[in-house]
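The block underneath contains the structure these notes are about, expressed in structure tokens.
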Amino acid sequence: IFQFPFSGRQFDFEEGDVYMSSHEHRFRLFSSVEYEGQLYMTPQNFIESVTMSEPRNKKPWRSLTKQELEKILSETPAVWKGSSKLFRNLRERGIIAYTEYLFLLCILTKPHAGFKIAFNMFDADGNQMVDKREFLVLQEIFRKKNEKKERKGDAEKSAQLVSCASRNTSPQVLKKESQEFVPRSYWDVLRRSASQALFSDLAERADDNLVIDTTLLVHFFGKKGKAELTFDDFYRFMDNLQTEVLEIEFLTYSKGMTTISEEDFARILLRYTNVENIASYLENVRQSIPDEKGITFDEFRSFFQFLNNLEDFAIALQMYNFANRSIGQDEFARAVYVATGLKLTHHLVNTIFKIFDVDHDDQLSYKEFIGIMKDRLHRGARVKPEKGAQT
């Protein structure tokens, strides 16, 4: 019987009769370490969980002794020594709790500007620093919001499928009939939660005397847990993490070159999505871009920075829908810039259109693009991996 750190829930995995969210399932799938009855990922496990469909070499969980954990944590570098190779350098020499896994996923999938808002909520004296206890409360908020949002999504999806089966209607049609109000931004929800959490039992649960030190906590707050984390150091950590994950994905396909092909770019975008006819999308690219120019790492990175702002971009794009205006390349580029401040290159925008322009009319299918990219943004947490899937 194992417990996910901070989740307050125990699981007998051999029984197979407990409910696990998709995030919990993926954490369990990729984790490889157990300490005092709790499961943990290593830095290598985390990298694999966001860049691969399945673990490279799944083995039984390895139990750590107190002495082994202390040795591992003693080798953790301070936050000011961080780099875009931190996780690759640590490899198996570290532990990541489930709450931290969710937190790191948010760093990879949410706008970085929102973290400034969250960070400032706990910076009571305005010195641009938070201590270990405040950070633990912040992590707990992320866990609760992710868990609540995911369970609601799973329940709605199950109800939708049952209703579709009984009424012989497609999920897409039913979704139109049962649309609900969705908060404008993840951060709107987070702001409301944070003010409540500061005076709730979350603070008690985040007592640093009850928390097992992890690689992330030691990295941020030192071996004694007394250091304070500045936002500048935290922002640098976020930027390094995103760069590290994107570099790994890019290098997998670039094979030492400075660019990846437009087809490989499409292949990366469609990973971790529910798209069944990926081959037709790739064929689209081959026919539409016969003369390969390639996608640079800067273009690759800018696209995923844009993807982290997908919620705001979707609102901007809806303005064209409401006005019954078609979405061409110029409109797409303008919506990206208005929502994110990013200027995507003409070649990158053209490549995106060639991937998703299934009708070959140089117009983007808004619903299809947003739906597929939302799947992609979750990096496999919502998609059941297939045996033999390419990684």
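FYI, nothing fancy with the structure tokens labels: chains A, B, ... in order, residues from 1 per chain, ligands from 1 as they appear.
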Review point. Which residues, written as number ranges by chain, have at least one atom at most 12 Å from A:Asp361, with only C-alpha atoms counted and residues fewer than 4 positions away on the same chain left out?
Key: A: 288, 326-329, 353-354, 356-357, 365
Point to revise | Distance query A:Phe303 at most 9 Å, only C-alpha atoms, self and fewer than 3 positions along chain excluded, as an MDAnalysis selection string | key: chainID A and resid 298:300 306:308 342 344 348
Would you put the residues from that selection into a file with N, CA, C and O atoms, as a PDB file, in the first residue's frame?
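What ended up in part.pdb:
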ATOM      1  N   ASP A 298      14.509  28.270 -31.918  1.00  0.00           N
ATOM      2  CA  ASP A 298      13.840  29.499 -31.478  1.00  0.00           C
ATOM      3  C   ASP A 298      12.378  29.508 -31.905  1.00  0.00           C
ATOM      4  O   ASP A 298      11.505  29.919 -31.140  1.00  0.00           O
ATOM      5  N   GLU A 299      12.090  29.050 -33.125  1.00  0.00           N
ATOM      6  CA  GLU A 299      10.706  28.960 -33.589  1.00  0.00           C
ATOM      7  C   GLU A 299       9.944  27.905 -32.781  1.00  0.00           C
ATOM      8  O   GLU A 299       8.787  28.116 -32.399  1.00  0.00           O
ATOM      9  N   PHE A 300      10.588  26.783 -32.551  1.00  0.00           N
ATOM     10  CA  PHE A 300      10.007  25.689 -31.778  1.00  0.00           C
ATOM     11  C   PHE A 300       9.642  26.164 -30.373  1.00  0.00           C
ATOM     12  O   PHE A 300       8.529  25.937 -29.885  1.00  0.00           O
ATOM     13  N   PHE A 306       3.748  30.204 -26.817  1.00  0.00           N
ATOM     14  CA  PHE A 306       2.397  30.580 -27.230  1.00  0.00           C
ATOM     15  C   PHE A 306       1.368  29.576 -26.705  1.00  0.00           C
ATOM     16  O   PHE A 306       0.296  29.951 -26.223  1.00  0.00           O
ATOM     17  N   LEU A 307       1.712  28.289 -26.773  1.00  0.00           N
ATOM     18  CA  LEU A 307       0.779  27.249 -26.354  1.00  0.00           C
ATOM     19  C   LEU A 307       0.432  27.380 -24.871  1.00  0.00           C
ATOM     20  O   LEU A 307      -0.687  27.055 -24.457  1.00  0.00           O
ATOM     21  N   ASN A 308       1.378  27.856 -24.070  1.00  0.00           N
ATOM     22  CA  ASN A 308       1.114  28.057 -22.646  1.00  0.00           C
ATOM     23  C   ASN A 308       0.078  29.146 -22.400  1.00  0.00           C
ATOM     24  O   ASN A 308      -0.459  29.270 -21.296  1.00  0.00           O
ATOM     25  N   LEU A 342       3.793  37.566 -28.393  1.00  0.00           N
ATOM     26  CA  LEU A 342       4.799  36.850 -29.184  1.00  0.00           C
ATOM     27  C   LEU A 342       4.570  37.080 -30.678  1.00  0.00           C
ATOM     28  O   LEU A 342       3.435  37.088 -31.142  1.00  0.00           O
ATOM     29  N   LEU A 344       5.251  35.245 -33.944  1.00  0.00           N
ATOM     30  CA  LEU A 344       5.671  34.009 -34.594  1.00  0.00           C
ATOM     31  C   LEU A 344       6.139  34.325 -36.012  1.00  0.00           C
ATOM     32  O   LEU A 344       5.576  35.183 -36.682  1.00  0.00           O
ATOM     33  N   LEU A 348       6.734  29.734 -39.533  1.00  0.00           N
ATOM     34  CA  LEU A 348       6.121  28.921 -38.481  1.00  0.00           C
ATOM     35  C   LEU A 348       4.604  28.942 -38.603  1.00  0.00           C
ATOM     36  O   LEU A 348       3.944  27.892 -38.515  1.00  0.00           O
TER      37      LEU A 348
END
Exercise for review: For atom CA of A:Thr215 and atom CA of A:Tyr40, quote the distance in Å rounded to one decimal.
Suggested key: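 Separation between atom CA of A:Thr215 and atom CA of A:Tyr40: 10.7 Å.
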Check your understanding: At what distance in Å, to one decimal, does atom CA of A:Glu34 lie from atom CA of A:Arg62?
Key -> 5.8 Å
Who sits within 7 Å of A:Thr273, only C-alpha atoms, same chain under 3 positions skipped, as a short mmCIF file (atom, residue, chain, number, x, y, z; two decimals) with N, CA and C atoms, in the first residue's frame:
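Done, and the output landed in around.cif:
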data_model
loop_
_atom_site.label_atom_id
_atom_site.label_comp_id
_atom_site.auth_asym_id
_atom_site.auth_seq_id
_atom_site.Cartn_x
_atom_site.Cartn_y
_atom_site.Cartn_z
N LEU A 270 1.47 16.56 -32.58
CA LEU A 270 0.34 15.63 -32.52
C LEU A 270 0.56 14.50 -31.51
N ILE A 372 -7.20 20.00 -30.25
CA ILE A 372 -5.99 19.17 -30.34
C ILE A 372 -4.87 19.74 -29.48
N ASP A 375 -5.15 19.01 -25.78
CA ASP A 375 -4.64 17.66 -25.47
C ASP A 375 -3.12 17.69 -25.39
N ARG A 376 -2.50 18.32 -26.37
CA ARG A 376 -1.03 18.37 -26.44
C ARG A 376 -0.44 19.07 -25.22
N VAL A 383 -4.18 11.32 -22.16
CA VAL A 383 -4.25 10.39 -23.27
C VAL A 383 -3.67 9.06 -22.85
#
Which residues come within 9 Å of A:Phe119, counting only C-alpha atoms, excluding same-chain residues fewer than 5 positions away, as a short mmCIF file (atom, residue, chain, number, x, y, z; two decimals) with N, CA, C and O atoms, in the first residue's frame?
data_model
loop_
_atom_site.label_atom_id
_atom_site.label_comp_id
_atom_site.auth_asym_id
_atom_site.auth_seq_id
_atom_site.Cartn_x
_atom_site.Cartn_y
_atom_site.Cartn_z
N GLY A 114 1.45 34.32 -14.74
CA GLY A 114 0.54 33.98 -13.66
C GLY A 114 1.26 33.58 -12.39
O GLY A 114 0.74 33.78 -11.29
N GLN A 128 9.91 40.30 -2.37
CA GLN A 128 10.11 39.43 -3.54
C GLN A 128 10.70 38.07 -3.15
O GLN A 128 11.45 37.46 -3.91
N MET A 129 10.38 37.61 -1.93
CA MET A 129 10.87 36.31 -1.46
C MET A 129 9.74 35.54 -0.78
O MET A 129 8.82 36.13 -0.22
N VAL A 130 9.82 34.21 -0.86
CA VAL A 130 8.92 33.36 -0.08
C VAL A 130 9.77 32.33 0.64
O VAL A 130 10.86 31.96 0.19
N PHE A 135 5.84 28.33 0.34
CA PHE A 135 5.92 27.61 -0.93
C PHE A 135 5.13 26.31 -0.87
O PHE A 135 4.47 25.92 -1.84
N LEU A 138 1.56 27.04 -1.41
CA LEU A 138 1.33 27.31 -2.83
C LEU A 138 1.23 26.02 -3.63
O LEU A 138 0.34 25.87 -4.47
N PHE A 231 11.87 35.67 -6.44
CA PHE A 231 11.13 35.42 -7.68
C PHE A 231 12.07 35.35 -8.87
O PHE A 231 11.82 34.58 -9.81
#
Review point. If we count only C-alpha atoms, what is near A:Lys110 at a cut-off of 9 Å, once residues fewer than 3 positions away on the same chain are taken out, given as an NGL selection string?
Key: :A and (105-107 or 113-115 or 186 or 307-310)
Once you have the residues from the selection above, write them out as a compact mmCIF listing (two decimals), in the first residue's frame, restricted to all heavy atoms.
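Once written, part02.txt looks like this:
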# COMPACT_ATOMS: atom_id res chain seq x y z
N LEU A 105 4.34 20.41 -13.83
CA LEU A 105 3.50 20.39 -15.03
C LEU A 105 2.89 21.76 -15.29
O LEU A 105 2.78 22.20 -16.43
CB LEU A 105 2.38 19.35 -14.88
CG LEU A 105 2.73 17.89 -15.10
CD1 LEU A 105 1.48 17.03 -14.94
CD2 LEU A 105 3.36 17.66 -16.46
N CYS A 106 2.48 22.44 -14.21
CA CYS A 106 1.92 23.78 -14.38
C CYS A 106 2.97 24.73 -14.94
O CYS A 106 2.65 25.59 -15.77
CB CYS A 106 1.41 24.31 -13.03
SG CYS A 106 -0.17 23.62 -12.54
N ILE A 107 4.21 24.59 -14.51
CA ILE A 107 5.27 25.44 -15.03
C ILE A 107 5.43 25.23 -16.53
O ILE A 107 5.68 26.17 -17.29
CB ILE A 107 6.60 25.14 -14.30
CG1 ILE A 107 6.54 25.67 -12.87
CG2 ILE A 107 7.80 25.74 -15.05
CD1 ILE A 107 7.76 25.35 -12.04
N ALA A 113 3.56 34.47 -16.48
CA ALA A 113 3.12 35.70 -15.83
C ALA A 113 2.21 35.41 -14.65
O ALA A 113 2.22 36.13 -13.65
CB ALA A 113 2.40 36.59 -16.83
N GLY A 114 1.45 34.32 -14.74
CA GLY A 114 0.54 33.98 -13.66
C GLY A 114 1.26 33.58 -12.39
O GLY A 114 0.74 33.78 -11.29
N PHE A 115 2.46 33.02 -12.51
CA PHE A 115 3.21 32.62 -11.33
C PHE A 115 3.66 33.84 -10.53
O PHE A 115 3.83 33.76 -9.32
CB PHE A 115 4.42 31.77 -11.73
CG PHE A 115 4.06 30.37 -12.09
CD1 PHE A 115 3.77 30.04 -13.40
CD2 PHE A 115 3.99 29.38 -11.12
CE1 PHE A 115 3.43 28.74 -13.74
CE2 PHE A 115 3.64 28.07 -11.46
CZ PHE A 115 3.36 27.76 -12.77
N TYR A 186 -7.17 30.15 -15.77
CA TYR A 186 -6.76 29.29 -14.65
C TYR A 186 -6.35 30.15 -13.46
O TYR A 186 -6.59 29.83 -12.31
CB TYR A 186 -5.59 28.43 -15.11
CG TYR A 186 -5.05 27.46 -14.08
CD1 TYR A 186 -5.54 26.16 -14.01
CD2 TYR A 186 -4.05 27.83 -13.20
CE1 TYR A 186 -5.04 25.26 -13.09
CE2 TYR A 186 -3.54 26.94 -12.28
CZ TYR A 186 -4.04 25.65 -12.23
OH TYR A 186 -3.54 24.78 -11.32
N LEU A 307 1.71 28.29 -26.77
CA LEU A 307 0.78 27.25 -26.35
C LEU A 307 0.43 27.38 -24.87
O LEU A 307 -0.69 27.06 -24.46
CB LEU A 307 1.39 25.87 -26.63
CG LEU A 307 0.42 24.72 -26.86
CD1 LEU A 307 -0.49 25.01 -28.03
CD2 LEU A 307 1.20 23.42 -27.11
N ASN A 308 1.38 27.86 -24.07
CA ASN A 308 1.11 28.06 -22.65
C ASN A 308 0.08 29.15 -22.40
O ASN A 308 -0.46 29.27 -21.30
CB ASN A 308 2.41 28.41 -21.91
CG ASN A 308 3.31 27.21 -21.72
OD1 ASN A 308 2.97 26.11 -22.16
ND2 ASN A 308 4.45 27.39 -21.11
N ASN A 309 -0.17 29.97 -23.40
CA ASN A 309 -1.17 31.03 -23.30
C ASN A 309 -2.42 30.69 -24.13
O ASN A 309 -3.12 31.59 -24.61
CB ASN A 309 -0.58 32.36 -23.79
CG ASN A 309 0.52 32.88 -22.88
OD1 ASN A 309 0.27 33.59 -21.93
ND2 ASN A 309 1.76 32.50 -23.18
N LEU A 310 -2.69 29.41 -24.28
CA LEU A 310 -3.75 28.97 -25.17
C LEU A 310 -5.12 29.50 -24.77
O LEU A 310 -5.95 29.80 -25.63
CB LEU A 310 -3.78 27.43 -25.21
CG LEU A 310 -4.63 26.80 -26.31
CD1 LEU A 310 -4.08 27.16 -27.69
CD2 LEU A 310 -4.66 25.27 -26.15
Check your understanding: So, counting only C-alpha atoms, which residue among A:Thr42, A:Thr345, A:Asn57, A:Thr51 is closest to A:Arg271?
Key ->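 Between A:Thr42, A:Thr345, A:Asn57, A:Thr51, the residue approaching A:Arg271 most closely is A:Thr51.
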Exercise for review: Would you mind listing what lies within 10 Å of A:Met41 as a list of chain:residue names, with only C-alpha atoms counted and same-chain residues fewer than 4 positions away left out?
Suggested key: A:Phe27, A:Arg28, A:Leu29, A:Phe30, A:Ser31, A:Ser32, A:Val33, A:Glu34, A:Asn45, A:Phe46, A:Ile47, A:Ser49, A:Trp61, A:Glu92, A:Gly94, A:Ile95, A:Ile96, A:Ala97, A:Tyr98, A:Glu100, A:Tyr101
Check your understanding: Suppose you want the space between atom CA of A:Val79 and atom CA of A:Lys66; what is it in Å?
Key ->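 Between atom CA of A:Val79 and atom CA of A:Lys66 the gap works out to 23.4 Å.
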Exercise for review: Report the residues of stretch 52-129 of chain A whose backbone DSSP state falls under strand (DSSP E or B), written as a list in words.
Suggested key: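 Output for stretch 52-129 of chain A, strand (DSSP E or B) only: Arg62, Ser63, Ile96 and Met129 of chain A.
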**Study point:** Non-local contacts of A:Thr351 (8 Å; only C-alpha atoms; under 3 positions in same chain excluded) as a list in words
**Key:**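 Contacts, with the query itself left out: Glu262, Val285, Ile289, His347, Leu348, Lys354 and Ile355 of chain A.
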Practice item. Using only C-alpha atoms, find the one residue out of A:Arg334, A:His23, A:Arg91, A:Lys374 that sits nearest to A:His346. Key: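 Checking each of A:Arg334, A:His23, A:Arg91, A:Lys374 against A:His346, counting only C-alpha atoms, the winner is A:Arg334.
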Exercise for review: Check the DSSP output for the backbone and give back, as a PyMOL selection string, the residues of stretch 7-120 of chain A in alpha helix (DSSP H).
Suggested key: chain A and resi 22-30+43-51+66-74+86-90+98-109+112-120
Find the residues of stretch 30-94 of chain A that sit at most 9 Å from stretch 216-230 of chain A; for each, write down the nearest two atoms and how far apart they are in Å, to one decimal. Count only C-alpha atoms. Sort by chain, then by number going up, and give it as a Markdown table.
| residue | atom | partner | partner_atom | distance |
| --- | --- | --- | --- | --- |
| A:Leu73 | CA | A:Val218 | CA | 6.9 |
| A:Ser74 | CA | A:Lys223 | CA | 7.1 |
| A:Thr76 | CA | A:His219 | CA | 6.1 |
| A:Pro77 | CA | A:His219 | CA | 5.9 |
| A:Ala78 | CA | A:His219 | CA | 4.9 |
| A:Val79 | CA | A:His219 | CA | 5.2 |
| A:Trp80 | CA | A:Phe220 | CA | 8.8 |
| A:Gly82 | CA | A:His219 | CA | 8.5 |
| A:Gly94 | CA | A:Leu216 | CA | 8.6 |
